[in-house]
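Next up, protein.pdb (PDB, C-alpha atoms and all ligand atoms):
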```pdb
MODEL        1
ATOM      1  CA  MET A 884       0.000   0.000   0.000
ATOM      2  CA  ARG A 885       1.394   3.368  -1.070
ATOM      3  CA  LEU A 886      -0.443   6.321   0.290
ATOM      4  CA  VAL A 887      -0.286  10.051   0.899
ATOM      5  CA  LEU A 888      -1.980  11.711   3.860
ATOM      6  CA  LEU A 889      -2.950  15.295   3.041
ATOM      7  CA  GLY A 890      -4.546  17.864   5.303
ATOM      8  CA  PRO A 891      -3.954  21.205   6.996
ATOM      9  CA  PRO A 892      -1.546  21.657   9.911
ATOM     10  CA  GLY A 893      -2.973  20.079  13.044
ATOM     11  CA  ALA A 894      -5.629  18.010  11.259
ATOM     12  CA  GLY A 895      -4.207  14.871  12.878
ATOM     13  CA  LYS A 896      -1.963  13.487  10.120
ATOM     14  CA  GLY A 897       0.830  12.412  12.479
ATOM     15  CA  THR A 898      -1.644  10.967  14.992
ATOM     16  CA  GLN A 899      -3.483   8.926  12.376
ATOM     17  CA  ALA A 900      -0.311   7.950  10.531
ATOM     18  CA  ALA A 901       0.872   6.063  13.623
ATOM     19  CA  ALA A 902      -2.283   3.907  13.552
ATOM     20  CA  VAL A 903      -2.050   3.259   9.805
ATOM     21  CA  LYS A 904       1.609   2.317  10.164
ATOM     22  CA  ASP A 905       0.799  -0.243  12.879
ATOM     23  CA  ARG A 906      -2.233  -1.654  11.069
ATOM     24  CA  PHE A 907      -0.632  -2.067   7.648
ATOM     25  CA  GLY A 908       3.037  -2.511   8.604
ATOM     26  CA  ILE A 909       4.301   0.275   6.352
ATOM     27  CA  PRO A 910       6.781   3.036   7.254
ATOM     28  CA  HIS A 911       5.448   6.461   8.189
ATOM     29  CA  ILE A 912       7.533   8.977   6.241
ATOM     30  CA  SER A 913       7.029  12.489   7.610
ATOM     31  CA  THR A 914       9.014  15.270   5.969
ATOM     32  CA  GLY A 915       8.236  17.529   8.937
ATOM     33  CA  ASP A 916       9.757  14.966  11.331
ATOM     34  CA  MET A 917      12.804  14.616   9.064
ATOM     35  CA  LEU A 918      13.333  18.385   9.015
ATOM     36  CA  ARG A 919      12.866  18.702  12.774
ATOM     37  CA  GLY A 920      15.315  15.810  13.223
ATOM     38  CA  ALA A 921      17.888  17.623  11.074
ATOM     39  CA  ILE A 922      17.324  20.863  13.000
ATOM     40  CA  ALA A 923      17.733  19.092  16.360
ATOM     41  CA  ALA A 924      20.909  17.350  15.130
ATOM     42  CA  GLY A 925      22.360  20.626  13.807
ATOM     43  CA  THR A 926      23.105  19.212  10.351
ATOM     44  CA  PRO A 927      23.721  21.563   7.363
ATOM     45  CA  LEU A 928      20.155  20.808   6.196
ATOM     46  CA  GLY A 929      18.866  21.645   9.664
ATOM     47  CA  TRP A 930      20.697  24.997   9.694
ATOM     48  CA  LYS A 931      19.196  25.918   6.321
ATOM     49  CA  ALA A 932      15.689  24.757   7.268
ATOM     50  CA  LYS A 933      15.329  26.102  10.821
ATOM     51  CA  GLN A 934      14.310  29.673  10.123
ATOM     52  CA  ILE A 935      11.939  28.646   7.342
ATOM     53  CA  VAL A 936      10.209  25.940   9.396
ATOM     54  CA  ASP A 937       9.950  28.111  12.528
ATOM     55  CA  GLY A 938       8.339  30.849  10.423
ATOM     56  CA  GLY A 939       5.699  28.507   8.986
ATOM     57  CA  ASN A 940       6.932  28.618   5.383
ATOM     58  CA  LEU A 941       7.840  25.783   3.005
ATOM     59  CA  VAL A 942      11.480  24.849   2.531
ATOM     60  CA  PRO A 943      12.628  24.876  -1.135
ATOM     61  CA  ASP A 944      11.336  21.931  -3.184
ATOM     62  CA  GLU A 945      14.806  20.698  -4.166
ATOM     63  CA  MET A 946      15.851  20.542  -0.513
ATOM     64  CA  ILE A 947      13.008  18.227   0.460
ATOM     65  CA  THR A 948      12.593  16.203  -2.724
ATOM     66  CA  GLU A 949      16.092  14.739  -2.548
ATOM     67  CA  ILE A 950      15.435  13.533   0.997
ATOM     68  CA  VAL A 951      12.171  11.927  -0.078
ATOM     69  CA  ARG A 952      13.805  10.285  -3.097
ATOM     70  CA  GLU A 953      16.443   8.715  -0.872
ATOM     71  CA  ARG A 954      13.905   7.615   1.750
ATOM     72  CA  LEU A 955      11.536   5.998  -0.762
ATOM     73  CA  GLY A 956      14.465   4.029  -2.175
ATOM     74  CA  ALA A 957      15.191   2.436   1.229
ATOM     75  CA  PRO A 958      14.457  -1.293   1.596
ATOM     76  CA  ASP A 959      11.608  -0.862   4.112
ATOM     77  CA  ALA A 960       9.634   1.305   1.633
ATOM     78  CA  LYS A 961       9.591  -1.395  -1.048
ATOM     79  CA  ARG A 962       6.348  -2.964   0.268
ATOM     80  CA  GLY A 963       4.633   0.372   0.745
ATOM     81  CA  PHE A 964       4.697   3.640   2.688
ATOM     82  CA  LEU A 965       2.614   6.422   4.138
ATOM     83  CA  LEU A 966       3.822   9.888   3.133
ATOM     84  CA  ASP A 967       2.853  12.667   5.570
ATOM     85  CA  GLY A 968       3.741  16.268   4.668
ATOM     86  CA  TYR A 969       4.862  15.480   1.122
ATOM     87  CA  PRO A 970       3.890  16.481  -1.497
ATOM     88  CA  ARG A 971       3.131  20.001  -0.350
ATOM     89  CA  ASN A 972       2.609  21.734  -3.705
ATOM     90  CA  LEU A 973       2.113  20.870  -7.367
ATOM     91  CA  GLY A 974       5.845  20.823  -8.133
ATOM     92  CA  GLN A 975       6.442  18.274  -5.371
ATOM     93  CA  ALA A 976       3.496  16.158  -6.591
ATOM     94  CA  LYS A 977       5.083  16.027 -10.040
ATOM     95  CA  SER A 978       8.466  15.170  -8.529
ATOM     96  CA  LEU A 979       6.828  12.360  -6.555
ATOM     97  CA  ASP A 980       5.415  10.939  -9.788
ATOM     98  CA  ILE A 981       8.926  10.944 -11.256
ATOM     99  CA  ILE A 982      10.467   9.297  -8.168
ATOM    100  CA  LEU A 983       7.796   6.582  -8.071
ATOM    101  CA  GLY A 984       7.983   6.087 -11.849
ATOM    102  CA  GLY A 985      11.722   5.453 -11.471
ATOM    103  CA  LEU A 986      10.961   2.798  -8.848
ATOM    104  CA  GLY A 987       8.233   1.212 -11.001
ATOM    105  CA  GLN A 988       5.593   2.221  -8.438
ATOM    106  CA  LYS A 989       2.476   4.372  -8.225
ATOM    107  CA  LEU A 990       0.265   5.773  -5.477
ATOM    108  CA  ASP A 991      -2.742   3.694  -4.413
ATOM    109  CA  PHE A 992      -4.516   6.193  -2.156
ATOM    110  CA  VAL A 993      -4.484   9.874  -1.250
ATOM    111  CA  LEU A 994      -6.489  10.615   1.896
ATOM    112  CA  CYS A 995      -7.253  14.247   2.691
ATOM    113  CA  LEU A 996      -8.276  15.217   6.233
ATOM    114  CA  HIS A 997     -10.643  18.184   6.672
ATOM    115  CA  LEU A 998     -10.999  20.275   9.832
ATOM    116  CA  SER A 999     -12.200  23.803  10.674
ATOM    117  CA  ASP A1000      -9.633  26.516  11.388
ATOM    118  CA  ALA A1001     -11.000  26.971  14.937
ATOM    119  CA  GLU A1002     -10.456  23.287  15.744
ATOM    120  CA  ILE A1003      -6.997  23.403  14.159
ATOM    121  CA  VAL A1004      -5.912  26.281  16.388
ATOM    122  CA  ALA A1005      -7.271  24.452  19.472
ATOM    123  CA  ARG A1006      -5.397  21.272  18.561
ATOM    124  CA  LEU A1007      -2.108  22.980  17.709
ATOM    125  CA  SER A1008      -1.984  25.331  20.663
ATOM    126  CA  GLY A1009      -2.368  22.354  23.056
ATOM    127  CA  ARG A1010      -0.007  20.031  21.219
ATOM    128  CA  ARG A1011       3.100  18.699  22.926
ATOM    129  CA  THR A1012       5.602  16.552  21.015
ATOM    130  CA  CYS A1013       8.225  14.121  22.256
ATOM    131  CA  ASP A1014      11.739  15.494  21.671
ATOM    132  CA  ALA A1015      13.079  11.943  21.306
ATOM    133  CA  CYS A1016      10.541   9.965  19.211
ATOM    134  CA  GLY A1017       8.231  12.701  17.861
ATOM    135  CA  ALA A1018       5.028  11.162  19.312
ATOM    136  CA  PRO A1019       2.235  13.785  19.519
ATOM    137  CA  PHE A1020       0.220  14.514  22.686
ATOM    138  CA  HIS A1021      -2.365  17.155  23.569
ATOM    139  CA  VAL A1022      -2.707  18.807  26.963
ATOM    140  CA  ALA A1023      -6.504  18.298  26.928
ATOM    141  CA  SER A1024      -7.456  15.567  24.436
ATOM    142  CA  ALA A1025      -4.444  13.246  24.594
ATOM    143  CA  PRO A1026      -2.475  14.023  27.768
ATOM    144  CA  PRO A1027       0.555  11.907  28.671
ATOM    145  CA  LYS A1028       0.281   9.665  31.766
ATOM    146  CA  ALA A1029       2.966  11.769  33.509
ATOM    147  CA  ALA A1030       3.056  15.522  32.756
ATOM    148  CA  GLY A1031       5.820  16.446  30.300
ATOM    149  CA  VAL A1032       6.966  12.829  29.724
ATOM    150  CA  CYS A1033       6.389  10.691  26.606
ATOM    151  CA  ASP A1034       4.311   7.535  27.244
ATOM    152  CA  SER A1035       6.125   5.651  24.473
ATOM    153  CA  CYS A1036       9.806   6.320  25.177
ATOM    154  CA  GLY A1037      10.056   8.466  28.334
ATOM    155  CA  GLY A1038      11.416  11.436  26.332
ATOM    156  CA  LYS A1039      10.756  15.085  27.246
ATOM    157  CA  LEU A1040       7.632  16.718  25.759
ATOM    158  CA  SER A1041       7.957  20.207  24.235
ATOM    159  CA  GLN A1042       5.875  22.721  22.313
ATOM    160  CA  ARG A1043       6.945  23.099  18.672
ATOM    161  CA  ALA A1044       8.370  26.515  17.723
ATOM    162  CA  ASP A1045       5.861  26.700  14.826
ATOM    163  CA  ASP A1046       2.851  26.152  17.109
ATOM    164  CA  ARG A1047       2.816  29.829  18.181
ATOM    165  CA  GLU A1048      -0.455  31.460  17.140
ATOM    166  CA  GLU A1049       1.013  33.884  14.558
ATOM    167  CA  VAL A1050       2.922  31.025  12.919
ATOM    168  CA  ILE A1051      -0.201  28.810  12.881
ATOM    169  CA  VAL A1052      -1.993  31.569  10.926
ATOM    170  CA  ARG A1053       0.884  31.645   8.426
ATOM    171  CA  ARG A1054       0.907  27.831   8.066
ATOM    172  CA  LEU A1055      -2.845  27.800   7.397
ATOM    173  CA  ALA A1056      -2.420  30.450   4.675
ATOM    174  CA  VAL A1057       0.426  28.492   3.073
ATOM    175  CA  TYR A1058      -1.687  25.322   3.167
ATOM    176  CA  GLN A1059      -4.623  27.018   1.414
ATOM    177  CA  ALA A1060      -2.425  28.623  -1.238
ATOM    178  CA  LYS A1061      -0.007  25.776  -2.009
ATOM    179  CA  THR A1062      -1.230  22.428  -0.691
ATOM    180  CA  ALA A1063      -5.036  22.474  -0.849
ATOM    181  CA  PRO A1064      -4.989  22.512  -4.704
ATOM    182  CA  LEU A1065      -3.471  19.006  -4.585
ATOM    183  CA  GLY A1066      -6.946  17.704  -3.700
ATOM    184  CA  ALA A1067      -8.160  18.505  -7.221
ATOM    185  CA  PHE A1068      -4.927  17.100  -8.710
ATOM    186  CA  TYR A1069      -5.474  13.683  -7.112
ATOM    187  CA  LYS A1070      -9.268  13.744  -7.491
ATOM    188  CA  GLU A1071      -8.730  13.953 -11.239
ATOM    189  CA  ARG A1072      -6.759  10.698 -10.978
ATOM    190  CA  GLY A1073      -9.536   8.998  -9.037
ATOM    191  CA  ILE A1074      -7.358   8.177  -5.991
ATOM    192  CA  LEU A1075      -8.541  10.895  -3.575
ATOM    193  CA  THR A1076     -10.752  10.194  -0.551
ATOM    194  CA  GLU A1077     -11.902  13.118   1.594
ATOM    195  CA  ILE A1078     -12.028  12.370   5.324
ATOM    196  CA  ASP A1079     -13.910  14.352   7.966
ATOM    197  CA  ALA A1080     -11.285  14.893  10.677
ATOM    198  CA  THR A1081     -13.691  16.121  13.387
ATOM    199  CA  GLY A1082     -14.395  13.868  16.365
ATOM    200  CA  GLY A1083     -12.283  11.528  18.432
ATOM    201  CA  VAL A1084      -9.019   9.927  17.322
ATOM    202  CA  LEU A1085     -10.544   6.420  17.115
ATOM    203  CA  GLU A1086     -13.589   7.630  15.166
ATOM    204  CA  ILE A1087     -11.338   9.222  12.551
ATOM    205  CA  GLN A1088      -9.115   6.150  12.504
ATOM    206  CA  GLU A1089     -12.173   4.016  11.631
ATOM    207  CA  ARG A1090     -12.983   6.375   8.743
ATOM    208  CA  LEU A1091      -9.427   6.044   7.434
ATOM    209  CA  PHE A1092      -9.368   2.247   7.744
ATOM    210  CA  ALA A1093     -12.743   2.025   5.980
ATOM    211  CA  ALA A1094     -11.431   4.172   3.116
ATOM    212  CA  LEU A1095      -8.275   2.060   2.822
ATOM    213  CA  SER A1096     -10.252  -1.148   2.700
ATOM    214  CA  GLY A1097     -12.452   0.241  -0.052
ATOM    215  CA  GLY A1098     -15.429   1.127   2.131
ATOM    216  CA  GLY A1099     -14.786   4.847   2.609
TER     217      GLY A1099
HETATM  218  P1  LIG A1101       4.744  19.152   9.256
HETATM  219  O1  LIG A1101       5.460  18.528  10.375
HETATM  220  O2  LIG A1101       4.379  18.324   8.085
HETATM  221  O3  LIG A1101       3.507  19.915   9.919
HETATM  222  P2  LIG A1101       1.995  20.174   9.470
HETATM  223  O4  LIG A1101       1.574  19.666   8.142
HETATM  224  O5  LIG A1101       1.818  21.615   9.732
HETATM  225  O6  LIG A1101       1.207  19.242  10.395
HETATM  226  P3  LIG A1101       1.358  19.067  11.901
HETATM  227  O7  LIG A1101       2.489  18.140  12.207
HETATM  228  O8  LIG A1101       1.403  20.409  12.601
HETATM  229  O9  LIG A1101      -0.037  18.459  12.305
HETATM  230  P4  LIG A1101      -0.676  17.021  12.115
HETATM  231  O10 LIG A1101      -1.713  17.100  11.054
HETATM  232  O11 LIG A1101       0.374  15.954  11.987
HETATM  233  O12 LIG A1101      -1.417  16.898  13.503
HETATM  234  P5  LIG A1101      -1.092  16.006  14.805
HETATM  235  O13 LIG A1101      -1.428  14.579  14.544
HETATM  236  O14 LIG A1101       0.242  16.331  15.357
HETATM  237  O15 LIG A1101       5.597  20.389   8.651
HETATM  238  C1  LIG A1101       6.189  21.352   9.496
HETATM  239  C2  LIG A1101       6.993  22.316   8.652
HETATM  240  O16 LIG A1101       8.062  21.616   7.974
HETATM  241  C3  LIG A1101       6.230  23.023   7.528
HETATM  242  O17 LIG A1101       5.551  24.157   7.970
HETATM  243  C4  LIG A1101       7.377  23.369   6.564
HETATM  244  O18 LIG A1101       8.117  24.461   7.029
HETATM  245  C5  LIG A1101       8.269  22.145   6.662
HETATM  246  N1  LIG A1101       7.937  21.107   5.689
HETATM  247  C6  LIG A1101       7.495  19.841   5.950
HETATM  248  N2  LIG A1101       7.294  19.159   4.815
HETATM  249  C7  LIG A1101       7.606  19.996   3.809
HETATM  250  C8  LIG A1101       7.574  19.869   2.389
HETATM  251  N3  LIG A1101       7.166  18.738   1.792
HETATM  252  N4  LIG A1101       7.960  20.939   1.643
HETATM  253  C9  LIG A1101       8.382  22.073   2.221
HETATM  254  N5  LIG A1101       8.412  22.260   3.563
HETATM  255  C10 LIG A1101       8.038  21.237   4.352
HETATM  256  O19 LIG A1101      -2.217  16.575  15.808
HETATM  257  C11 LIG A1101      -2.147  17.904  16.297
HETATM  258  C12 LIG A1101      -2.591  17.917  17.773
HETATM  259  O20 LIG A1101      -3.980  17.560  17.851
HETATM  260  C13 LIG A1101      -1.839  16.908  18.664
HETATM  261  O21 LIG A1101      -1.675  17.495  19.918
HETATM  262  C14 LIG A1101      -2.793  15.709  18.760
HETATM  263  O22 LIG A1101      -2.632  14.994  19.970
HETATM  264  C15 LIG A1101      -4.163  16.397  18.680
HETATM  265  N6  LIG A1101      -5.169  15.580  18.024
HETATM  266  C16 LIG A1101      -5.005  14.788  16.931
HETATM  267  N7  LIG A1101      -6.180  14.214  16.588
HETATM  268  C17 LIG A1101      -7.102  14.688  17.471
HETATM  269  C18 LIG A1101      -8.507  14.474  17.620
HETATM  270  N8  LIG A1101      -9.188  13.674  16.810
HETATM  271  N9  LIG A1101      -9.154  15.132  18.606
HETATM  272  C19 LIG A1101      -8.480  15.960  19.458
HETATM  273  N10 LIG A1101      -7.136  16.183  19.380
HETATM  274  C20 LIG A1101      -6.477  15.564  18.389
ENDMDL
END
```

Show the structure stored in the file as structure tokens.
Amino acid sequence: MRLVLLGPPGAGKGTQAAAVKDRFGIPHISTGDMLRGAIAAGTPLGWKAKQIVDGGNLVPDEMITEIVRERLGAPDAKRGFLLDGYPRNLGQAKSLDIILGGLGQKLDFVLCLHLSDAEIVARLSGRRTCDACGAPFHVASAPPKAAGVCDSCGGKLSQRADDREEVIVRRLAVYQAKTAPLGAFYKERGILTEIDATGGVLEIQERLFAALSGGG
């Protein structure tokens, strides 16, 4: 299974991707996590990306596409993958076609999560993320068992630099301008399923699983 999870910031892509990964045994490839990993490690990529990511803008296509090309060529992506955060604009969608064409593969599903701006702001402003493994929590809807500590790996939970309100507004604008048009791009191909991302995590998970098993 080769799939892309689309949706605005805070719609629950990372949360749902973890469930899809476990259910279908495919790697979760998040370009946001890769960039944050590079920033935390202080690599040359991280230095270049930090200011752009913290400001809520997209890093240049060529910077991210090479990382995705390399990751999709790894052995664990041969049986399938879930892409989260890529593609982010039409140019990246076309690059993805080229990468997959070179591997003799094509996308099976594109799932697009939909959520109101008010709910997005509520989810993002309460989000806490594990510094070590990237697992997402929420101070109200998905609190960790011990305050500030990751349930999965015991790492420290922090607030992302791009979850400040003024940056959230910028990220939403970038999503509408650059990423939302990808819905029409994949609809045209007949592989898009729109998913209502309101409600509880398990409810939304059921909608995703139904779509992936052909019942959505
Ligand atoms: P990225 O990491 O991809 O961020 P994003 O798309 O803005 O999405 P988020 O990670 O903020 O949200 P999510 O949808 O995963 O929600 P989550 O599950 O955490 O990108 C970050 C930046 O990197 C970009 O701005 C850009 O600079 C750069 N970048 C990345 N990819 C790029 C690319 N391809 N090209 C160029 N630049 C790129 O959930 C959010 C919160 O809500 C959590 O607290 C969670 O616990 C809670 N929650 C989840 N579901 C529910 C629910 N059902 N009910 C209540 N709470 C819930």

Discussion item. Can you spell out as a ChimeraX atom specification the set of residues that the PyMOL selection byres (((chain A and resi 1001) around 12) and not hetatm) selects in the structure I just provided?
Written reply: /A:892-894,998-1000,1002-1008,1048,1051-1052,1055,1081

Item to complete: Kindly resolve the PyMOL selection byres (((not hetatm)) within 6 of (chain A and resi 1101)) on the present coordinates and return the residues as a PyMOL selection string.
Response: chain A and resi 891-898+914-916+935-936+939-942+944+947+968-971+1006-1007+1009-1011+1019-1021+1024-1025+1054+1082-1084

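The shortest atom-to-atom distance to A:Pro910, with all atoms listed in the file taken into account, belongs to A:Leu965 out of A:Ala1030, A:Val1057, A:Leu965, A:Ala957.
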
Item to complete: State, in Å with one decimal place, the distance from atom CA of A:Asp991 to atom CA of A:Leu918.
Response: 25.6 Å

Practice prompt. Pick out the closest residue to A:Leu994 from this set: A:Asp967, A:Ile909, A:Glu945, A:Leu979. Count all atoms listed in the file.
Written response: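 Distance minimum relative to A:Leu994 lands on A:Asp967.
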
Practice prompt. Enumerate, as a VMD selection string, the residues matched when the PyMOL selection byres (((chain A and resi 937) around 10) and not hetatm) is run on the file above.
Written response: chain A and resid 919 932 to 936 938 to 940 1043 to 1047 1050

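A straight line drawn from atom CA of A:Gln988 to atom CA of A:Ala1094 is 20.7 Å long.
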
Practice prompt. Rank A:Asn972, A:Asp980, A:Gly1031, A:Pro958 by their smallest atom-to-atom distance to A:Gln1059, using only C-alpha atoms, and report the top residue only.
Written response: A:Asn972

Worksheet, complete the sentence: Min atom-atom distance to A:Thr948 from the set A:Ile1087, A:Met884, A:Ala976, A:Ala902, counting all atoms listed in the file, belongs to A:Ala976

Worksheet item: atom CA of A:Gly1073 to atom CA of A:Pro943: how many Å, to one decimal?
Response: 28.4 Å

Discussion item. For a quick check of understanding, using all atoms listed in the file, which of A:Leu973, A:Cys1016, A:Glu1049, A:Leu1065 has the smallest distance to A:Cys1033?
Written reply: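 Closest to A:Cys1033 of all the choices is A:Cys1016.
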